[in-house]
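target-v1.cif (mmCIF, C-alpha atoms) appears below.
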data_input
loop_
_atom_site.label_atom_id
_atom_site.label_comp_id
_atom_site.auth_asym_id
_atom_site.auth_seq_id
_atom_site.Cartn_x
_atom_site.Cartn_y
_atom_site.Cartn_z
CA SER W 2 15.72 -31.22 23.00
CA GLY W 3 16.53 -27.52 23.23
CA PHE W 4 20.25 -28.38 23.21
CA TRP W 5 20.04 -30.47 20.05
CA LYS W 6 17.83 -27.87 18.41
CA SER W 7 20.49 -25.23 18.98
CA GLN W 8 23.18 -27.60 17.69
CA LEU W 9 21.23 -28.06 14.45
CA ILE W 10 21.28 -24.30 13.97
CA LEU W 11 24.95 -23.97 14.95
CA ILE W 12 26.14 -26.52 12.42
CA GLY W 13 23.90 -25.13 9.70
CA VAL W 14 21.46 -27.99 9.14
CA MET W 15 18.06 -27.21 7.67
CA ARG W 16 15.30 -29.74 8.34
CA TYR W 17 13.42 -29.26 5.05
CA ASN W 18 14.76 -29.73 1.53
CA TYR W 19 12.61 -27.01 -0.03
CA VAL W 20 11.32 -24.00 1.91
CA ALA W 21 9.32 -21.14 0.38
CA ILE W 22 8.95 -17.81 2.20
CA GLU W 23 5.78 -15.86 1.40
CA GLY W 24 4.06 -12.68 2.52
CA THR W 25 2.67 -9.43 1.23
CA MET W 26 5.12 -6.91 -0.25
CA GLY W 27 7.22 -5.38 2.50
CA ALA W 28 7.05 -8.44 4.78
CA GLY W 29 10.77 -9.21 4.50
CA LYS W 30 10.67 -12.34 2.34
CA THR W 31 13.80 -11.65 0.30
CA THR W 32 15.89 -10.56 3.28
CA LEU W 33 14.94 -13.62 5.31
CA ALA W 34 15.41 -16.11 2.46
CA SER W 35 18.81 -14.58 1.62
CA CYS W 36 20.02 -14.76 5.24
CA ILE W 37 18.89 -18.37 5.70
CA SER W 38 20.46 -19.35 2.38
CA ARG W 39 23.76 -17.79 3.45
CA ASP W 40 23.78 -19.31 6.94
CA PHE W 41 22.64 -22.82 5.96
CA ASN W 42 24.25 -23.19 2.52
CA GLY W 43 20.94 -23.13 0.66
CA LYS W 44 20.32 -22.72 -3.03
CA LEU W 45 18.55 -19.35 -3.20
CA ILE W 46 15.71 -18.62 -5.62
CA LEU W 47 14.70 -14.95 -5.69
CA GLU W 48 11.67 -13.64 -7.54
CA GLU W 49 12.46 -11.63 -10.66
CA PHE W 50 10.18 -8.64 -10.17
CA GLU W 51 12.19 -5.63 -11.33
CA PRO W 52 10.81 -3.57 -14.23
CA ASP W 53 13.51 -4.82 -16.62
CA LYS W 54 12.17 -8.36 -16.09
CA ASN W 55 8.51 -7.35 -16.32
CA PRO W 56 8.17 -4.33 -18.61
CA PHE W 57 4.49 -3.93 -17.69
CA LEU W 58 5.07 -3.44 -13.95
CA ALA W 59 5.62 0.33 -13.86
CA LYS W 60 2.76 0.80 -16.36
CA PHE W 61 0.53 -1.34 -14.16
CA TYR W 62 1.13 0.83 -11.09
CA ALA W 63 0.26 3.91 -13.19
CA GLU W 64 -2.78 2.38 -14.98
CA PRO W 65 -3.75 -0.85 -13.16
CA GLU W 66 -6.90 -1.72 -15.11
CA LYS W 67 -5.20 -1.31 -18.48
CA TYR W 68 -2.10 -3.38 -17.73
CA ALA W 69 -3.21 -5.88 -15.07
CA PHE W 70 -3.59 -8.89 -17.37
CA GLN W 71 -0.25 -8.30 -19.10
CA VAL W 72 1.62 -7.87 -15.82
CA GLU W 73 0.11 -11.00 -14.25
CA MET W 74 0.72 -13.19 -17.30
CA THR W 75 4.32 -12.00 -17.50
CA PHE W 76 4.89 -12.75 -13.81
CA LEU W 77 3.33 -16.19 -14.20
CA ALA W 78 5.63 -17.00 -17.13
CA LEU W 79 8.70 -15.72 -15.27
CA ARG W 80 7.88 -17.63 -12.09
CA PHE W 81 7.12 -20.87 -13.91
CA GLN W 82 10.29 -20.74 -16.02
CA GLN W 83 12.48 -19.86 -13.06
CA LEU W 84 11.11 -22.55 -10.74
CA LYS W 85 11.14 -25.16 -13.51
CA ASP W 86 14.82 -24.44 -14.19
CA LYS W 87 15.97 -24.12 -10.57
CA LEU W 88 13.97 -26.94 -8.98
CA ASN W 89 14.83 -29.46 -11.69
CA ASN W 90 18.53 -28.71 -11.56
CA LEU W 91 19.68 -29.60 -8.06
CA ASP W 92 23.41 -29.44 -7.44
CA LEU W 93 25.86 -31.06 -5.05
CA PHE W 94 27.02 -27.78 -3.53
CA HIS W 95 23.86 -26.81 -1.60
CA ASN W 96 22.06 -28.56 1.25
CA PHE W 97 18.53 -27.44 0.39
CA ILE W 98 16.50 -24.92 -1.62
CA ILE W 99 14.93 -21.74 -0.27
CA SER W 100 12.87 -19.24 -2.28
CA ASP W 101 11.35 -15.86 -1.48
CA TYR W 102 8.05 -16.73 -3.18
CA TYR W 103 5.69 -19.56 -4.04
CA VAL W 104 4.13 -19.74 -7.48
CA ALA W 105 0.59 -19.61 -6.02
CA LYS W 106 1.13 -15.89 -5.40
CA SER W 107 0.30 -15.42 -9.11
CA LEU W 108 -3.26 -16.55 -8.41
CA ILE W 109 -3.53 -14.46 -5.24
CA PHE W 110 -2.37 -11.23 -6.90
CA SER W 111 -4.39 -11.78 -10.06
CA ARG W 112 -7.57 -12.28 -8.07
CA GLU W 113 -7.06 -8.79 -6.69
CA THR W 114 -6.02 -7.08 -9.93
CA LEU W 115 -7.99 -8.71 -12.77
CA GLN W 116 -11.55 -8.35 -13.98
CA LEU W 117 -13.65 -11.50 -13.48
CA ASP W 118 -13.44 -12.70 -17.11
CA GLU W 119 -9.69 -12.06 -17.17
CA TYR W 120 -9.25 -13.89 -13.86
CA GLU W 121 -11.12 -16.94 -15.16
CA LEU W 122 -8.85 -17.10 -18.21
CA PHE W 123 -5.77 -16.53 -16.09
CA SER W 124 -6.83 -19.30 -13.68
CA ARG W 125 -6.93 -21.81 -16.53
CA PHE W 126 -3.34 -21.04 -17.48
CA PHE W 127 -2.30 -21.08 -13.84
CA ASN W 128 -3.83 -24.50 -13.10
CA ILE W 129 -2.01 -26.06 -16.06
CA ILE W 130 1.29 -24.66 -14.81
CA PHE W 131 0.64 -25.24 -11.10
CA ALA W 132 0.31 -28.99 -11.62
CA ASN W 133 3.89 -29.14 -12.92
CA ILE W 134 5.62 -27.28 -10.07
CA PRO W 135 6.85 -29.15 -6.96
CA LYS W 136 5.36 -27.93 -3.71
CA PRO W 137 7.70 -26.77 -0.93
CA GLU W 138 8.10 -29.08 2.05
CA LEU W 139 7.39 -26.02 4.21
CA LEU W 140 5.60 -22.83 3.19
CA VAL W 141 6.34 -19.96 5.61
CA TYR W 142 4.01 -16.93 5.61
CA LEU W 143 5.38 -13.77 7.23
CA TYR W 144 2.52 -11.74 8.67
CA LEU W 145 2.87 -8.01 9.28
CA ASP W 146 0.07 -5.50 9.76
CA VAL W 147 -0.44 -2.89 7.04
CA ASP W 148 1.30 -0.07 8.94
CA HIS W 149 4.47 -2.15 9.23
CA LEU W 150 4.23 -3.17 5.57
CA GLN W 151 3.88 0.45 4.43
CA TYR W 152 6.83 1.48 6.58
CA ASN W 153 9.03 -1.19 4.98
CA ILE W 154 7.82 -0.32 1.49
CA ARG W 155 8.65 3.35 2.00
CA LYS W 156 12.02 2.47 3.51
CA ARG W 157 13.18 0.41 0.54
CA GLY W 158 12.22 3.25 -1.78
CA ARG W 159 11.13 1.63 -5.04
CA ASP W 160 9.50 4.46 -7.00
CA TYR W 161 6.73 2.33 -8.47
CA GLU W 162 5.62 1.10 -5.01
CA GLN W 163 5.29 4.43 -3.21
CA ASN W 164 1.58 5.01 -3.89
CA ILE W 165 0.25 1.59 -2.91
CA GLU W 166 -2.95 1.98 -0.91
CA ASP W 167 -3.64 0.31 2.43
CA SER W 168 -6.75 -1.33 0.99
CA TYR W 169 -4.70 -3.06 -1.73
CA LEU W 170 -2.36 -4.55 0.88
CA GLU W 171 -5.31 -5.59 3.06
CA HIS W 172 -6.97 -7.37 0.13
CA LEU W 173 -3.73 -9.15 -0.78
CA GLN W 174 -3.30 -10.24 2.81
CA GLN W 175 -6.84 -11.61 2.81
CA GLY W 176 -6.11 -13.40 -0.47
CA TYR W 177 -3.15 -15.15 1.13
CA PHE W 178 -5.26 -16.16 4.14
CA ASP W 179 -7.96 -17.56 1.83
CA PHE W 180 -5.36 -19.56 -0.09
CA ILE W 181 -3.74 -20.89 3.10
CA ARG W 182 -7.08 -22.04 4.51
CA GLN W 183 -7.81 -24.01 1.33
CA GLN W 184 -4.60 -26.07 1.42
CA THR W 185 -5.03 -29.58 2.79
CA ASP W 186 -1.77 -31.26 1.75
CA MET W 187 0.94 -28.75 2.71
CA ARG W 188 2.95 -27.81 5.79
CA ILE W 189 2.25 -24.11 6.32
CA LEU W 190 3.78 -21.98 9.05
CA VAL W 191 2.25 -18.54 9.68
CA LEU W 192 4.65 -16.32 11.63
CA ASP W 193 3.38 -13.10 13.19
CA THR W 194 6.50 -10.90 13.09
CA ASN W 195 4.92 -7.60 14.20
CA ASN W 196 6.80 -7.62 17.52
CA ILE W 197 10.27 -8.48 16.23
CA ASP W 198 12.87 -7.01 13.87
CA PHE W 199 14.87 -9.87 12.38
CA VAL W 200 16.90 -7.49 10.20
CA ALA W 201 18.27 -5.37 13.06
CA ASN W 202 18.23 -7.96 15.86
CA LYS W 203 20.19 -11.21 15.58
CA LYS W 204 18.21 -12.87 18.38
CA ASP W 205 14.96 -12.13 16.53
CA TYR W 206 16.44 -13.69 13.39
CA GLU W 207 17.42 -16.78 15.39
CA LYS W 208 13.84 -17.01 16.71
CA ILE W 209 12.54 -17.19 13.15
CA VAL W 210 15.14 -19.76 12.10
CA ASP W 211 14.32 -21.86 15.15
CA ALA W 212 10.59 -21.68 14.34
CA ILE W 213 11.15 -22.68 10.71
CA ASN W 214 13.42 -25.57 11.67
CA GLN W 215 10.82 -27.45 13.75
CA ASP W 216 9.20 -30.73 12.74
CA TYR W 217 5.69 -29.84 11.55
CA ASP W 218 2.86 -32.10 10.46
CA ILE W 219 0.85 -31.39 7.32
CA GLY W 220 -1.51 -28.54 8.13
CA ILE W 221 -1.48 -24.90 9.24
CA HIS W 222 0.64 -23.84 12.20
CA ARG W 223 0.61 -20.31 13.69
CA LEU W 224 3.21 -18.67 15.92
CA VAL W 225 3.49 -15.17 17.35
CA LEU W 226 7.16 -14.25 17.74
#

So, in terms of structure tokens, how does the structure I just supplied come out?
Amino acid sequence: SGFWKSQLILIGVMRYNYVAIEGTMGAGKTTLASCISRDFNGKLILEEFEPDKNPFLAKFYAEPEKYAFQVEMTFLALRFQQLKDKLNNLDLFHNFIISDYYVAKSLIFSRETLQLDEYELFSRFFNIIFANIPKPELLVYLYLDVDHLQYNIRKRGRDYEQNIEDSYLEHLQQGYFDFIRQQTDMRILVLDTNNIDFVANKKDYEKIVDAINQDYDIGIHRLVL
């Protein structure tokens, strides 16, 4: 079976038609999704998070309480529109779809950033939208501890991210874990990547690809790489 597994990877076959990569900021979602898309001829969906797409983002990092609702609603609208357009328009030139986010992150982030009354209102909008978005066949969560996340955040050097506190990242991470535990009808793969560097080391990257390309049942699966 190991031989055929390696052949699948060599000829660029991805087992799942729609894979979403998730994780807290700095986990490596975009890098991994981009590499897999390139190597397996996938249609790549990248989150539109830059300040020119969400004009409230930089203001939010400066004054979170004042701009939290605006930033979360804008992200929700952007994510919904993008996924609606990309997932409903499959083409003949790609073998599968891979994205560097899943729309449920809107609910996870808003739970951390919004006041209770704002969160309740936001949740209503989210649930209406959520029902109309296809779920990925495999949701992959990249787990890194906060020290590794902060290192990656500093390294990529986005000005508006440089003052993010450890506690914020810890709460987001917990929000993801809470969400994952509540899912009963999805394939979810949690990958602990603290001991590997899939950007610098090709063998580490191949380990992740191999893990993603296994046949998983519905439920939560955890691997330490």

Practice item. Given the file shown, determine the residues that the PyMOL selection byres ((chain W and resi 21) around 9) selects; report them as an MDAnalysis selection string. Key: chainID W and resid 19:20 22:23 34 98:103 136:142

Check your understanding: Out of W:Phe131, W:Phe41, W:Tyr177, W:Tyr169, which residue has the shortest atom-to-atom distance to Leu143 (chain W) when counting all atoms listed in the file?
Key -> W:Tyr177

**Study point:** Between CA of Tyr17 (chain W) and CA of Lys30 (chain W), distance in Å (one decimal)
**Key:**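 So the two atoms, CA of Tyr17 (chain W) and CA of Lys30 (chain W), lie 17.4 Å apart.
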
Which residues of region 71-128 of chain W come within 12 Å of region 178-184 of chain W, and what is each one's closest atom pair and distance in Å (one decimal), counting only C-alpha atoms, sorted by chain and residue number, as a Markdown table?
| residue | atom | partner | partner_atom | distance |
| --- | --- | --- | --- | --- |
| W:Tyr103 | CA | W:Phe180 | CA | 11.7 |
| W:Ala105 | CA | W:Phe180 | CA | 8.4 |
| W:Lys106 | CA | W:Phe180 | CA | 9.2 |
| W:Ser107 | CA | W:Phe180 | CA | 11.4 |
| W:Leu108 | CA | W:Phe180 | CA | 9.1 |
| W:Ile109 | CA | W:Phe180 | CA | 7.5 |
| W:Phe110 | CA | W:Phe180 | CA | 11.2 |
| W:Arg112 | CA | W:Phe180 | CA | 11.0 |

Exercise for review: Pull out every residue that the PyMOL selection byres ((chain W and resi 74) around 12) matches in the shown coordinates and put them as a PyMOL selection string.
Suggested key: chain W and resi 55-58+68-73+75-81+107-108+110-111+114-115+119-120+122-127+130

Would you export the selected residues with C-alpha atoms as a JSON list (two decimals), keeping the file's coordinate frame, please?
[["chain", "number", "residue", "atom", "x", "y", "z"],
["W", 55, "ASN", "CA", 8.51, -7.35, -16.32],
["W", 56, "PRO", "CA", 8.17, -4.33, -18.61],
["W", 57, "PHE", "CA", 4.49, -3.93, -17.69],
["W", 58, "LEU", "CA", 5.07, -3.44, -13.95],
["W", 68, "TYR", "CA", -2.10, -3.38, -17.73],
["W", 69, "ALA", "CA", -3.21, -5.88, -15.07],
["W", 70, "PHE", "CA", -3.59, -8.89, -17.37],
["W", 71, "GLN", "CA", -0.25, -8.30, -19.10],
["W", 72, "VAL", "CA", 1.62, -7.87, -15.82],
["W", 73, "GLU", "CA", 0.11, -11.00, -14.25],
["W", 75, "THR", "CA", 4.32, -12.00, -17.50],
["W", 76, "PHE", "CA", 4.89, -12.75, -13.81],
["W", 77, "LEU", "CA", 3.33, -16.19, -14.20],
["W", 78, "ALA", "CA", 5.63, -17.00, -17.13],
["W", 79, "LEU", "CA", 8.70, -15.72, -15.27],
["W", 80, "ARG", "CA", 7.88, -17.63, -12.09],
["W", 81, "PHE", "CA", 7.12, -20.87, -13.91],
["W", 107, "SER", "CA", 0.30, -15.42, -9.11],
["W", 108, "LEU", "CA", -3.26, -16.55, -8.41],
["W", 110, "PHE", "CA", -2.37, -11.23, -6.90],
["W", 111, "SER", "CA", -4.39, -11.78, -10.06],
["W", 114, "THR", "CA", -6.02, -7.08, -9.93],
["W", 115, "LEU", "CA", -7.99, -8.71, -12.77],
["W", 119, "GLU", "CA", -9.69, -12.06, -17.17],
["W", 120, "TYR", "CA", -9.25, -13.89, -13.86],
["W", 122, "LEU", "CA", -8.85, -17.10, -18.21],
["W", 123, "PHE", "CA", -5.77, -16.53, -16.09],
["W", 124, "SER", "CA", -6.83, -19.30, -13.68],
["W", 125, "ARG", "CA", -6.93, -21.81, -16.53],
["W", 126, "PHE", "CA", -3.34, -21.04, -17.48],
["W", 127, "PHE", "CA", -2.30, -21.08, -13.84],
["W", 130, "ILE", "CA", 1.29, -24.66, -14.81]]

Check your understanding: Near Leu224 (chain W), within 9 Å and counting all atoms listed in the file, which residues show up once chain neighbours fewer than 4 positions away are dropped, as a list in words?
Key -> Leu190, Val191, Leu192, Asp193, Thr194 and Ala212 of chain W

Review point. Between CA of Asn128 (chain W) and CA of Gly27 (chain W), what is the spacing in Å?
Key: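 Here the two named atoms are 27.0 Å from each other.
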
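Taking only C-alpha atoms into account, Lys67 (chain W) lies nearest to W:Gln116 out of the set W:Gln116, W:Ile213, W:Glu166, W:Asn196.
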
Care to translate the PyMOL selection byres ((chain W and resi 195) around 8) into actual residues of this file, as a JSON list (two decimals) with C-alpha atoms, in the frame of the given file?
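To be explicit, this is the file written out as result-v1.json:
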[["chain", "number", "residue", "atom", "x", "y", "z"],
["W", 144, "TYR", "CA", 2.52, -11.74, 8.67],
["W", 145, "LEU", "CA", 2.87, -8.01, 9.28],
["W", 146, "ASP", "CA", 0.07, -5.50, 9.76],
["W", 149, "HIS", "CA", 4.47, -2.15, 9.23],
["W", 193, "ASP", "CA", 3.38, -13.10, 13.19],
["W", 194, "THR", "CA", 6.50, -10.90, 13.09],
["W", 196, "ASN", "CA", 6.80, -7.62, 17.52],
["W", 197, "ILE", "CA", 10.27, -8.48, 16.23],
["W", 198, "ASP", "CA", 12.87, -7.01, 13.87],
["W", 226, "LEU", "CA", 7.16, -14.25, 17.74]]

Check your understanding: Rounded to one decimal in Å, what is the spacing between CA of Ile221 (chain W) and CA of Tyr206 (chain W)?
Key -> 21.5 Å
